[in-house]
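**Q** Okay, handing you the structure first.
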Amino acid sequence: MRDDIDAQALAILESNGIKEEQQPARTLRLTRASDIEPEPVVWAWLDEGEGRVPAGALTVAAGREGTGKSSFGMWMAAQITRGNLPGNFHGRPRAVFYVAVEDSWKQTIVPRLIGAGADLDLVYRVEAVEAEYGETTLSLPQDNSLMEKAIAEHDVALVVLDPLMSCIGKGIDTHRERDVRTALDPLARMADRTGAVLLGIAHFNKGSGTDPASLITGSGAFKNVPRAVFGFARDDDNECRVMTQAKNSLGRADLPSLSYNILSTEVPTRTGIAYVGRFVFTGQSSRSVDEILAAGYETDRGDRDDAAEWLRGYLMDQGGEAPAKDVKKAAAADDISERTLQRAMRKAGVVSARAGFGKGAVWRIEALTTDTQSDPVPAVPPQSRQSRQPSDPGANGATGGANGADGDPASQTVTGEPARCAVCTDPLDPLHAANGESTCPSCFDPLNRA
C-alpha cells in the first residue's frame with residue numbers, strides 16, 4: 001500500500017516536470033501539542049508593567065524622515081548594553097549588533113551611541129565579507145546562518161537593522177508579500193531560536209493613510225511578520241514627537257502613546273566636538289500618531305510657520321489685536337486656510353479672548369514663543385504679505401491699515417479699545433501710538449526694531 005502511494009506521488013511530480021532525482025529531500029515532522037511545553041511571553045521592554053517589545057521576535061520602528069526612529073534604535077542599544085531596560089534583560093548588560101547601511105560609523109553612529117550613553121565595548125558593527133569582493137552589505141536570508149551563529153557566540157540581546165529594507169537580499173521584490181516573506185519569515189524564526197530582539201528601522205511611503213503599520217514602504221509583510229510595530233511622528237502643536245504602538249501581537253494593543261524629544265548633545269572627539277541628537281522620552285502623549293497623520297500635521301509644517309509669521313505681522317499692524325472674524329477673513333484673502341491659521345496661533349504667541357458680551361472673540365498677541373524645531377519667533381517679524389499691501393478701508397476686515405476705528409492714527413484698535421504694547425500687552429500711551437510705536441518705552445528693544 002505504501003509503495004502504491006509513493007508511486008502515485010512520484011507520478012504527480014513527474015507530470016509537473018519534476019524528475020525523481022530533482023525532488024527535494026523534504027519530510028513532514030509531526031509533534032503532538034501535548035509534547036510542547038507552554039511558556040509565557042518574554043518581554044525585552046516592559047513599560048509600567050506592560051510589554052512593548054517582545055524578546056525573540058521581529059519588531060519594526062517606522063516613520064518619515066526626521067522623526068527619530070533611528071535615534072530610538074540608539075536608545076534601545078544604550079539601554080540594553082547598560083542593563084537599564086525594564087524587562088527580561090534588566091540588570092544584565094548584553095551585547096548589541098548594529099547593521100547601519102546608510103550612515104558613517106565614525107561621524108554618525110559612534111557619536112550618537114556615545115550621546116545615548118551606550119557601552120561601546122558591547123556594540124558591534126556587523127558587515128558581511130566576501131572572499132572575492134571584501135566587505136559588503138548584509139543580505140537576508142542569505143546571511144541568516146552566519147548571523148545566528150554570531151548572536152549565540154556573543155550573547156547578543158538586540159540586533160538593529162537600519163534600514164531593514166536595505167538588508168533584504170537582491171532578487172527579492174520588496175513590494176510582493178510572498179517575496180518579502182522569504183526573507184522575513186526565516187528572520188523571525190532566527191529571533192525565536194536565539195531569544196534576541198530584531199529591530200528593523202523602516203520608512204513610511206508617500207501615502208495619505210493614518211495607520212502607521214500600513215504606511216510602511218514595501219509589501220504588507222513588513223507589518224504582518226513583525227510581532228510589534230511602532231509609528232513615529234512629529235506633533236507640532238505640542239512641540240514634541242510621538243511614538244505609538246501600532247501593533248502588539250503578544251500584548252495589549254491599547255498601550256498609551258509616548259511623547260519624546262531629540263535633544264542636542266555635545267560629544268567630545270579627538271578632533272573636536274560632535275553635535276548629535278539624543279532620544280529622550282518625556283511621558284505619555286495625549287495624541288497618537290494616527291491622529292497626527294489624520295490631521296496632516298507632518299505635511300504642512302512649512303505652511304504653519306508661514307501662517308505664524310503672517311498672523312503676528314497682521315496683528316501688530318492692528319495694534320496687537322483684532323476681531324477673530326476679521327483675522328480669518330484677511331487670512332483667507334492671502335490664501336491661508338482657517339485650520340492652518342488656528343494651528344499657527346501657538347507659535348505666533350497669539351491667544352483668543354472675548355471682547356465683551358455679544359461682541360465675539362478677539363485674537364491678540366500675548367507673548368513670544370519658541371518652537372523646539374526652529375529659531376525663536378522674532379519680537380517684530382518681517383513685514384507680512386498683508387502689511388505690504390496698500391491700506392484699503394474695510395478691505396480684508398481692517399478699517400484703515402494702522403488707523404484705529406475712529407480714524408486717529410494707531411490710537412485705537414479695530415475694536416475701539418486702546419492700542420496695546422506688542423510685548424507686554426499694556427495699553428500704549430496715545431502719543432507713542434500716534435508716532436507709530438508698537439511697544440511701550442520699557443519694552444522697546446532697538447535690536448529687534450523693524
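So you can find residues: chains in the C-alpha cells are A, B, ... in the order shown, residues in each start at 1, and ligands are numbered from 1 in order.
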So which residues touch region 242-244 of chain A within 9 Å, counting only C-alpha atoms, skipping near sequence neighbours fewer than 4 positions away, as a ChimeraX atom specification?

**A** /A:67,69,212,229-235,255-261,284-285,287-290,292

**Q** Quick one: residues within 10 Å of Lys206 (chain A), only C-alpha atoms counted, chain neighbours fewer than 3 positions away excluded, as a list in words?

**A**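 Final neighbour list, sorted by chain and number: Arg64, His203, Gly209, Leu215, Ile216 and Thr217 of chain A.
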
**Q** Based on DSSP run over this structure's backbone, return all residues of region 92-328 of chain A in strand (DSSP E), as a PyMOL selection string.

**A** chain A and resi 95-100+123-125+128-130+134-136+156-162+197-203+228-235+240-248+258-269+272-284+321-323

**Q** Could you tell me how far CA of Thr136 (chain A) lies from CA of Ala221 (chain A), in Å and to one decimal?

**A** 25.2 Å

**Q** Write out as a list in words which residues come within 12 Å of Arg178 (chain A) when counting only C-alpha atoms, dropping same-chain ones fewer than 2 positions away.

**A** Ile172, Asp173, Thr174, His175, Arg176, Val180, Arg181, Thr182, Ala183, Leu184, Asp185, Gly218, Ser219, Gly220, Ala221, Phe222, Asn224 and Val225 of chain A

**Q** Neighbours of region 266-277 of chain A within 9 Å (only C-alpha atoms; same-chain residues fewer than 2 positions away dropped), as a list in words?

**A** Gly68, Ser71, Gln107, Thr108, Pro111, Arg112, Ile114, Gly115, Ala116, Ile262, Leu263, Ser264 and Phe279 of chain A

**Q** What's around Leu198 (chain A) at 9 Å? Count only C-alpha atoms, leave out sequence neighbours fewer than 2 positions away in its own chain, and write the answer as number ranges by chain.

**A** A: 55-60, 157-161, 187-188, 191, 196, 200

**Q** Name the closest residue to Gly360 (chain A) among the candidates A:Pro186, A:Pro38, A:Pro323, A:Gly117; distances are taken between atoms, counting only C-alpha atoms.

**A**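 Once distances to Gly360 (chain A) are computed over only C-alpha atoms, the minimum belongs to A:Pro323.
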
**Q** From the list A:Leu164, A:Leu46, A:Ala61, A:Ala344, which residue is nearest Gly87 (chain A) when using only C-alpha atoms?

**A**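 Checking each candidate against Gly87 (chain A), we get A:Leu46 as the closest.
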